[in-house]
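Raw contents of final.txt, compact mmCIF, N, CA and C atoms and all ligand atoms:
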```txt
# COMPACT_ATOMS: atom_id res chain seq x y z
N MET A 1 0.85 -1.19 0.00
CA MET A 1 0.00 0.00 0.00
C MET A 1 0.89 1.24 0.00
N THR A 2 0.62 2.19 -0.87
CA THR A 2 1.42 3.42 -0.88
C THR A 2 0.64 4.53 -0.20
N MET A 3 1.38 5.29 0.55
CA MET A 3 0.80 6.41 1.29
C MET A 3 1.00 7.67 0.48
N THR A 4 -0.09 8.42 0.21
CA THR A 4 0.08 9.66 -0.53
C THR A 4 0.83 10.67 0.33
N ARG A 5 1.66 11.43 -0.31
CA ARG A 5 2.51 12.38 0.39
C ARG A 5 2.58 13.66 -0.45
N PHE A 6 2.43 14.80 0.20
CA PHE A 6 2.40 16.08 -0.49
C PHE A 6 3.32 17.04 0.25
N ALA A 7 4.34 17.55 -0.43
CA ALA A 7 5.30 18.45 0.23
C ALA A 7 4.66 19.81 0.49
N LEU A 8 4.69 20.24 1.74
CA LEU A 8 4.18 21.56 2.10
C LEU A 8 5.27 22.61 2.03
N GLY A 9 6.52 22.17 2.19
CA GLY A 9 7.64 23.09 2.09
C GLY A 9 8.55 22.98 3.30
N PRO A 10 9.69 23.69 3.24
CA PRO A 10 10.64 23.66 4.35
C PRO A 10 10.01 24.24 5.61
N ILE A 11 10.27 23.60 6.73
CA ILE A 11 9.73 24.07 8.00
C ILE A 11 10.14 25.51 8.27
N ASP A 12 11.34 25.87 7.84
CA ASP A 12 11.84 27.23 8.12
C ASP A 12 11.06 28.31 7.37
N ASP A 13 10.29 27.92 6.35
CA ASP A 13 9.50 28.90 5.61
C ASP A 13 8.24 29.30 6.37
N PHE A 14 7.87 28.52 7.39
CA PHE A 14 6.65 28.82 8.14
C PHE A 14 7.04 29.58 9.40
N LYS A 15 6.74 30.85 9.41
CA LYS A 15 7.16 31.70 10.53
C LYS A 15 6.08 31.78 11.60
N THR A 16 4.82 31.70 11.22
CA THR A 16 3.74 31.80 12.19
C THR A 16 2.72 30.70 11.94
N PHE A 17 2.05 30.33 13.00
CA PHE A 17 1.01 29.31 12.94
C PHE A 17 -0.26 29.85 13.58
N PRO A 18 -1.44 29.42 13.10
CA PRO A 18 -1.63 28.54 11.95
C PRO A 18 -1.25 29.25 10.65
N ALA A 19 -0.86 28.44 9.68
CA ALA A 19 -0.44 28.96 8.39
C ALA A 19 -1.37 28.42 7.30
N GLU A 20 -1.71 29.28 6.36
CA GLU A 20 -2.58 28.85 5.26
C GLU A 20 -1.76 28.09 4.23
N VAL A 21 -2.23 26.93 3.84
CA VAL A 21 -1.56 26.16 2.80
C VAL A 21 -2.61 25.55 1.88
N LEU A 22 -2.18 25.20 0.69
CA LEU A 22 -3.04 24.48 -0.26
C LEU A 22 -2.48 23.08 -0.43
N VAL A 23 -3.35 22.09 -0.35
CA VAL A 23 -2.94 20.71 -0.61
C VAL A 23 -3.83 20.19 -1.74
N ASP A 24 -3.22 19.95 -2.88
CA ASP A 24 -4.00 19.55 -4.05
C ASP A 24 -5.13 20.54 -4.33
N GLY A 25 -4.85 21.81 -4.14
CA GLY A 25 -5.83 22.85 -4.45
C GLY A 25 -6.87 23.07 -3.37
N ILE A 26 -6.79 22.32 -2.28
CA ILE A 26 -7.77 22.47 -1.19
C ILE A 26 -7.12 23.27 -0.05
N PRO A 27 -7.81 24.31 0.44
CA PRO A 27 -7.20 25.13 1.50
C PRO A 27 -7.25 24.44 2.86
N TYR A 28 -6.13 24.52 3.54
CA TYR A 28 -6.01 23.98 4.90
C TYR A 28 -5.31 25.01 5.77
N TRP A 29 -5.50 24.84 7.09
CA TRP A 29 -4.69 25.53 8.08
C TRP A 29 -3.68 24.53 8.63
N LEU A 30 -2.43 24.91 8.58
CA LEU A 30 -1.37 24.11 9.19
C LEU A 30 -1.21 24.58 10.63
N VAL A 31 -1.46 23.68 11.58
CA VAL A 31 -1.36 24.07 12.99
C VAL A 31 -0.19 23.33 13.64
N ARG A 32 0.36 23.96 14.66
CA ARG A 32 1.45 23.36 15.41
C ARG A 32 0.96 23.07 16.82
N GLY A 33 1.08 21.83 17.20
CA GLY A 33 0.61 21.44 18.52
C GLY A 33 1.76 21.28 19.50
N GLU A 34 1.48 20.55 20.57
CA GLU A 34 2.51 20.32 21.57
C GLU A 34 3.66 19.51 20.98
N GLU A 35 4.84 19.76 21.52
CA GLU A 35 6.05 19.05 21.09
C GLU A 35 6.27 19.15 19.58
N ASN A 36 5.90 20.30 19.02
CA ASN A 36 6.10 20.56 17.60
C ASN A 36 5.50 19.49 16.70
N ARG A 37 4.33 19.00 17.08
CA ARG A 37 3.61 18.08 16.20
C ARG A 37 2.68 18.92 15.34
N TYR A 38 2.67 18.62 14.06
CA TYR A 38 1.93 19.42 13.10
C TYR A 38 0.73 18.64 12.59
N LYS A 39 -0.28 19.42 12.17
CA LYS A 39 -1.51 18.81 11.68
C LYS A 39 -2.15 19.79 10.70
N LEU A 40 -2.93 19.27 9.78
CA LEU A 40 -3.69 20.12 8.88
C LEU A 40 -5.16 20.05 9.23
N LEU A 41 -5.80 21.22 9.24
CA LEU A 41 -7.25 21.30 9.43
C LEU A 41 -7.83 21.95 8.19
N MET A 42 -8.78 21.29 7.57
CA MET A 42 -9.34 21.83 6.33
C MET A 42 -10.03 23.17 6.59
N ALA A 43 -9.77 24.12 5.73
CA ALA A 43 -10.31 25.47 5.91
C ALA A 43 -11.67 25.63 5.26
N LEU A 44 -12.35 24.51 5.02
CA LEU A 44 -13.72 24.55 4.49
C LEU A 44 -14.64 23.99 5.57
N CYS A 45 -15.66 24.75 5.89
CA CYS A 45 -16.54 24.40 7.00
C CYS A 45 -17.32 23.12 6.69
N PRO A 46 -17.39 22.21 7.68
CA PRO A 46 -18.13 20.96 7.46
C PRO A 46 -19.64 21.18 7.38
N HIS A 47 -20.11 22.35 7.75
CA HIS A 47 -21.55 22.62 7.71
C HIS A 47 -22.02 22.82 6.27
N ALA A 48 -21.53 23.86 5.63
CA ALA A 48 -21.96 24.13 4.26
C ALA A 48 -20.85 24.74 3.42
N GLY A 49 -19.61 24.45 3.82
CA GLY A 49 -18.49 24.81 2.96
C GLY A 49 -17.98 26.22 3.07
N GLY A 50 -18.36 26.94 4.13
CA GLY A 50 -17.85 28.30 4.32
C GLY A 50 -16.34 28.29 4.48
N GLU A 51 -15.75 29.45 4.24
CA GLU A 51 -14.28 29.56 4.36
C GLU A 51 -13.92 29.82 5.82
N VAL A 52 -13.26 28.86 6.43
CA VAL A 52 -12.94 28.93 7.86
C VAL A 52 -11.75 29.85 8.07
N ARG A 53 -11.93 30.83 8.95
CA ARG A 53 -10.90 31.85 9.18
C ARG A 53 -10.32 31.73 10.58
N TRP A 54 -9.15 32.31 10.73
CA TRP A 54 -8.45 32.33 12.02
C TRP A 54 -8.73 33.67 12.68
N THR A 55 -9.17 33.63 13.95
CA THR A 55 -9.48 34.89 14.65
C THR A 55 -8.33 35.38 15.51
N GLY A 56 -7.31 34.53 15.67
CA GLY A 56 -6.25 34.84 16.62
C GLY A 56 -6.38 33.96 17.85
N GLU A 57 -7.57 33.37 18.04
CA GLU A 57 -7.78 32.47 19.19
C GLU A 57 -8.41 31.15 18.79
N LEU A 58 -9.21 31.18 17.74
CA LEU A 58 -9.91 29.98 17.29
C LEU A 58 -10.23 30.14 15.81
N PHE A 59 -10.76 29.07 15.24
CA PHE A 59 -11.21 29.14 13.85
C PHE A 59 -12.70 29.45 13.83
N PHE A 60 -13.12 30.17 12.81
CA PHE A 60 -14.45 30.74 12.78
C PHE A 60 -14.99 30.69 11.35
N CYS A 61 -16.22 30.24 11.21
CA CYS A 61 -16.86 30.27 9.90
C CYS A 61 -17.85 31.43 9.87
N PRO A 62 -17.67 32.36 8.95
CA PRO A 62 -18.51 33.55 8.92
C PRO A 62 -19.93 33.30 8.40
N LEU A 63 -20.17 32.12 7.83
CA LEU A 63 -21.51 31.92 7.24
C LEU A 63 -22.60 31.74 8.29
N HIS A 64 -22.36 30.84 9.24
CA HIS A 64 -23.37 30.62 10.29
C HIS A 64 -22.73 30.56 11.67
N PHE A 65 -21.49 31.05 11.74
CA PHE A 65 -20.83 31.33 13.03
C PHE A 65 -20.41 30.10 13.83
N TRP A 66 -20.19 28.99 13.17
CA TRP A 66 -19.60 27.87 13.90
C TRP A 66 -18.15 28.25 14.23
N THR A 67 -17.69 27.77 15.39
CA THR A 67 -16.30 28.00 15.79
C THR A 67 -15.63 26.66 16.07
N PHE A 68 -14.30 26.65 15.95
CA PHE A 68 -13.54 25.40 16.02
C PHE A 68 -12.29 25.60 16.85
N ASP A 69 -11.95 24.57 17.61
CA ASP A 69 -10.75 24.59 18.45
C ASP A 69 -9.49 24.77 17.61
N LYS A 70 -8.55 25.55 18.14
CA LYS A 70 -7.34 25.90 17.38
C LYS A 70 -6.38 24.73 17.19
N GLN A 71 -6.52 23.69 18.00
CA GLN A 71 -5.62 22.54 17.87
C GLN A 71 -6.30 21.34 17.23
N SER A 72 -7.45 20.98 17.78
CA SER A 72 -8.10 19.74 17.34
C SER A 72 -9.00 19.97 16.14
N GLY A 73 -9.49 21.21 15.97
CA GLY A 73 -10.49 21.45 14.94
C GLY A 73 -11.89 21.04 15.34
N ASP A 74 -12.04 20.59 16.60
CA ASP A 74 -13.38 20.21 17.07
C ASP A 74 -14.27 21.45 17.10
N CYS A 75 -15.54 21.25 16.71
CA CYS A 75 -16.48 22.37 16.73
C CYS A 75 -16.83 22.70 18.18
N LEU A 76 -16.84 23.99 18.49
CA LEU A 76 -17.03 24.43 19.87
C LEU A 76 -18.50 24.71 20.18
N ASN A 77 -19.33 24.85 19.16
CA ASN A 77 -20.73 25.17 19.44
C ASN A 77 -21.72 24.17 18.85
N ILE A 78 -21.25 23.22 18.08
CA ILE A 78 -22.12 22.16 17.56
C ILE A 78 -21.47 20.83 17.89
N ARG A 79 -22.12 20.05 18.69
CA ARG A 79 -21.54 18.79 19.16
C ARG A 79 -21.27 17.83 18.02
N ASP A 80 -20.17 17.10 18.14
CA ASP A 80 -19.81 16.03 17.21
C ASP A 80 -19.49 16.50 15.80
N GLU A 81 -19.24 17.78 15.64
CA GLU A 81 -18.77 18.28 14.34
C GLU A 81 -17.32 18.71 14.51
N ARG A 82 -16.57 18.66 13.43
CA ARG A 82 -15.16 19.09 13.49
C ARG A 82 -14.66 19.35 12.08
N LEU A 83 -13.54 20.03 12.01
CA LEU A 83 -12.88 20.23 10.71
C LEU A 83 -12.23 18.92 10.29
N VAL A 84 -12.22 18.69 9.00
CA VAL A 84 -11.54 17.53 8.44
C VAL A 84 -10.04 17.68 8.69
N ARG A 85 -9.39 16.59 9.03
CA ARG A 85 -7.96 16.62 9.37
C ARG A 85 -7.13 15.88 8.34
N LYS A 86 -5.86 16.20 8.38
CA LYS A 86 -4.89 15.48 7.57
C LYS A 86 -3.60 15.45 8.37
N ASP A 87 -2.93 14.33 8.36
CA ASP A 87 -1.70 14.20 9.14
C ASP A 87 -0.53 14.84 8.42
N VAL A 88 0.44 15.25 9.23
CA VAL A 88 1.64 15.92 8.72
C VAL A 88 2.86 15.27 9.36
N GLU A 89 3.91 15.12 8.59
CA GLU A 89 5.16 14.68 9.20
C GLU A 89 6.30 15.55 8.71
N LEU A 90 7.32 15.61 9.56
CA LEU A 90 8.51 16.41 9.28
C LEU A 90 9.65 15.46 8.98
N GLN A 91 10.22 15.58 7.78
CA GLN A 91 11.34 14.73 7.40
C GLN A 91 12.44 15.58 6.81
N GLU A 92 13.57 15.56 7.46
CA GLU A 92 14.75 16.29 6.99
C GLU A 92 14.43 17.74 6.67
N GLY A 93 13.68 18.36 7.58
CA GLY A 93 13.41 19.79 7.47
C GLY A 93 12.26 20.15 6.54
N ILE A 94 11.61 19.16 5.95
CA ILE A 94 10.48 19.42 5.05
C ILE A 94 9.21 18.87 5.68
N LEU A 95 8.14 19.68 5.63
CA LEU A 95 6.84 19.22 6.11
C LEU A 95 6.08 18.57 4.96
N TYR A 96 5.49 17.43 5.25
CA TYR A 96 4.69 16.72 4.26
C TYR A 96 3.30 16.43 4.82
N ALA A 97 2.28 16.63 3.99
CA ALA A 97 0.95 16.11 4.30
C ALA A 97 0.96 14.66 3.87
N ILE A 98 0.46 13.79 4.74
CA ILE A 98 0.52 12.36 4.41
C ILE A 98 -0.86 11.71 4.56
N GLY A 99 -1.11 10.77 3.70
CA GLY A 99 -2.34 9.98 3.80
C GLY A 99 -3.57 10.76 3.39
N ASP A 100 -4.70 10.13 3.64
CA ASP A 100 -5.98 10.72 3.25
C ASP A 100 -6.48 11.67 4.33
N ALA A 101 -7.32 12.59 3.92
CA ALA A 101 -8.02 13.44 4.88
C ALA A 101 -9.03 12.56 5.63
N TYR A 102 -9.27 12.89 6.90
CA TYR A 102 -10.20 12.09 7.69
C TYR A 102 -10.97 12.95 8.68
S1 LIG A 201 -21.06 26.94 6.46
FE1 LIG A 201 -19.87 27.25 8.23
S2 LIG A 201 -21.28 27.51 9.82
FE2 LIG A 201 -22.52 27.10 8.06
```

Using the file provided, produce a representation of the structure as structure tokens.
Amino acid sequence: MTMTRFALGPIDDFKTFPAEVLVDGIPYWLVRGEENRYKLLMALCPHAGGEVRWTGELFFCPLHFWTFDKQSGDCLNIRDERLVRKDVELQEGILYAIGDAY
């Protein structure tokens, strides 16, 4: 089985987090968690596809005001909803999105 892998770029190119990135043309937020573990959160709202924005504290969809946790992408005002995730790994100074979105 082959794992899909998409280069996001050198880690040193990312100065602030979350950072906006495109993976296969789809917008994501690249977030940095504890112990420098990275993750992608899709920047399209799971409700009706609004463009999810960063407020400085959390993610926010301007269409119907759903909000999402800055690390997990879990929805803060609608139970059991969350942003779609994608795993990230760091290899030799390059960040890669790996595997399928889930
Ligand atoms: S599309 Fe985001 S809250 Fe409705």

How far is it from atom CA of Leu83 of chain A to atom CA of Asp12 of chain A, in Å with one decimal?
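Rounded to one decimal, the two atoms are 25.8 Å apart.
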
Find the distance between atom N of Lys70 of chain A and atom CA of Asp24 of chain A and write it in Å to one decimal.
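A separation of 23.4 Å between them.
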
Which chain A residues have any atom within 8 Å of an atom of ligand LIG 201 (chain A), and for each, what is the nearest pair of atoms with distance in Å to one decimal, counting all atoms listed in the file, rows sorted by chain and number, as a Markdown table?
```
| residue | atom | partner | partner_atom | distance |
| --- | --- | --- | --- | --- |
| A:Leu44 | C | A:LIG201 | FE1 | 6.7 |
| A:Cys45 | CA | A:LIG201 | FE1 | 4.6 |
| A:Pro46 | N | A:LIG201 | FE1 | 5.6 |
| A:His47 | C | A:LIG201 | S1 | 4.2 |
| A:Ala48 | N | A:LIG201 | S1 | 3.2 |
| A:Gly49 | N | A:LIG201 | S1 | 3.9 |
| A:Gly50 | N | A:LIG201 | S1 | 3.6 |
| A:Glu51 | N | A:LIG201 | FE1 | 6.1 |
| A:Val52 | N | A:LIG201 | FE1 | 7.0 |
| A:Phe60 | C | A:LIG201 | FE1 | 6.7 |
| A:Cys61 | CA | A:LIG201 | FE1 | 4.6 |
| A:Pro62 | N | A:LIG201 | FE1 | 5.6 |
| A:Leu63 | C | A:LIG201 | FE2 | 4.6 |
| A:His64 | N | A:LIG201 | S2 | 3.5 |
| A:Phe65 | N | A:LIG201 | S2 | 4.0 |
| A:Trp66 | N | A:LIG201 | S2 | 3.8 |
| A:Thr67 | N | A:LIG201 | S2 | 6.6 |
```

Go ahead and dump the residues you just picked, N, CA and C atoms, as an mmCIF file, in the coordinates of the input.
```
data_model
loop_
_atom_site.group_PDB
_atom_site.id
_atom_site.type_symbol
_atom_site.label_atom_id
_atom_site.label_comp_id
_atom_site.auth_asym_id
_atom_site.auth_seq_id
_atom_site.Cartn_x
_atom_site.Cartn_y
_atom_site.Cartn_z
ATOM 1 N N LEU A 44 -12.350 24.510 5.020
ATOM 2 C CA LEU A 44 -13.720 24.550 4.490
ATOM 3 C C LEU A 44 -14.640 23.990 5.570
ATOM 4 N N CYS A 45 -15.660 24.750 5.890
ATOM 5 C CA CYS A 45 -16.540 24.400 7.000
ATOM 6 C C CYS A 45 -17.320 23.120 6.690
ATOM 7 N N PRO A 46 -17.390 22.210 7.680
ATOM 8 C CA PRO A 46 -18.130 20.960 7.460
ATOM 9 C C PRO A 46 -19.640 21.180 7.380
ATOM 10 N N HIS A 47 -20.110 22.350 7.750
ATOM 11 C CA HIS A 47 -21.550 22.620 7.710
ATOM 12 C C HIS A 47 -22.020 22.820 6.270
ATOM 13 N N ALA A 48 -21.530 23.860 5.630
ATOM 14 C CA ALA A 48 -21.960 24.130 4.260
ATOM 15 C C ALA A 48 -20.850 24.740 3.420
ATOM 16 N N GLY A 49 -19.610 24.450 3.820
ATOM 17 C CA GLY A 49 -18.490 24.810 2.960
ATOM 18 C C GLY A 49 -17.980 26.220 3.070
ATOM 19 N N GLY A 50 -18.360 26.940 4.130
ATOM 20 C CA GLY A 50 -17.850 28.300 4.320
ATOM 21 C C GLY A 50 -16.340 28.290 4.480
ATOM 22 N N GLU A 51 -15.750 29.450 4.240
ATOM 23 C CA GLU A 51 -14.280 29.560 4.360
ATOM 24 C C GLU A 51 -13.920 29.820 5.820
ATOM 25 N N VAL A 52 -13.260 28.860 6.430
ATOM 26 C CA VAL A 52 -12.940 28.930 7.860
ATOM 27 C C VAL A 52 -11.750 29.850 8.070
ATOM 28 N N PHE A 60 -13.120 30.170 12.810
ATOM 29 C CA PHE A 60 -14.450 30.740 12.780
ATOM 30 C C PHE A 60 -14.990 30.690 11.350
ATOM 31 N N CYS A 61 -16.220 30.240 11.210
ATOM 32 C CA CYS A 61 -16.860 30.270 9.900
ATOM 33 C C CYS A 61 -17.850 31.430 9.870
ATOM 34 N N PRO A 62 -17.670 32.360 8.950
ATOM 35 C CA PRO A 62 -18.510 33.550 8.920
ATOM 36 C C PRO A 62 -19.930 33.300 8.400
ATOM 37 N N LEU A 63 -20.170 32.120 7.830
ATOM 38 C CA LEU A 63 -21.510 31.920 7.240
ATOM 39 C C LEU A 63 -22.600 31.740 8.290
ATOM 40 N N HIS A 64 -22.360 30.840 9.240
ATOM 41 C CA HIS A 64 -23.370 30.620 10.290
ATOM 42 C C HIS A 64 -22.730 30.560 11.670
ATOM 43 N N PHE A 65 -21.490 31.050 11.740
ATOM 44 C CA PHE A 65 -20.830 31.330 13.030
ATOM 45 C C PHE A 65 -20.410 30.100 13.830
ATOM 46 N N TRP A 66 -20.190 28.990 13.170
ATOM 47 C CA TRP A 66 -19.600 27.870 13.900
ATOM 48 C C TRP A 66 -18.150 28.250 14.230
ATOM 49 N N THR A 67 -17.690 27.770 15.390
ATOM 50 C CA THR A 67 -16.300 28.000 15.790
ATOM 51 C C THR A 67 -15.630 26.660 16.070
#
```

Could you list, as a ChimeraX atom specification, every residue within 8 Å of Glu57 of chain A, counting only N, CA and C atoms and ignoring same-chain residues fewer than 6 positions away?
/A:68-71

Please produce a file of those selected residues containing N, CA and C atoms, as an mmCIF file, keeping the file's coordinate frame.
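See again34.cif below for the written result:
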```
data_model
loop_
_atom_site.group_PDB
_atom_site.id
_atom_site.type_symbol
_atom_site.label_atom_id
_atom_site.label_comp_id
_atom_site.auth_asym_id
_atom_site.auth_seq_id
_atom_site.Cartn_x
_atom_site.Cartn_y
_atom_site.Cartn_z
ATOM 1 N N PHE A 68 -14.300 26.650 15.950
ATOM 2 C CA PHE A 68 -13.540 25.400 16.020
ATOM 3 C C PHE A 68 -12.290 25.600 16.850
ATOM 4 N N ASP A 69 -11.950 24.570 17.610
ATOM 5 C CA ASP A 69 -10.750 24.590 18.450
ATOM 6 C C ASP A 69 -9.490 24.770 17.610
ATOM 7 N N LYS A 70 -8.550 25.550 18.140
ATOM 8 C CA LYS A 70 -7.340 25.900 17.380
ATOM 9 C C LYS A 70 -6.380 24.730 17.190
ATOM 10 N N GLN A 71 -6.520 23.690 18.000
ATOM 11 C CA GLN A 71 -5.620 22.540 17.870
ATOM 12 C C GLN A 71 -6.300 21.340 17.230
#
```

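Here atom N of Ile11 of chain A stands at a distance of 24.7 Å from atom C of Phe59 of chain A.
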
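Taking all atoms listed in the file into account, Leu8 of chain A lies nearest to A:Val21 out of the set A:Arg79, A:Val21, A:Asp100, A:Gly56.
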
For Leu22 of chain A, list every protein, DNA or RNA residue within 8 Å, evaluated using all atoms listed in the file, and leave out those in the same chain fewer than 5 positions away; present the list as a ChimeraX atom specification.
/A:7-8,27-30
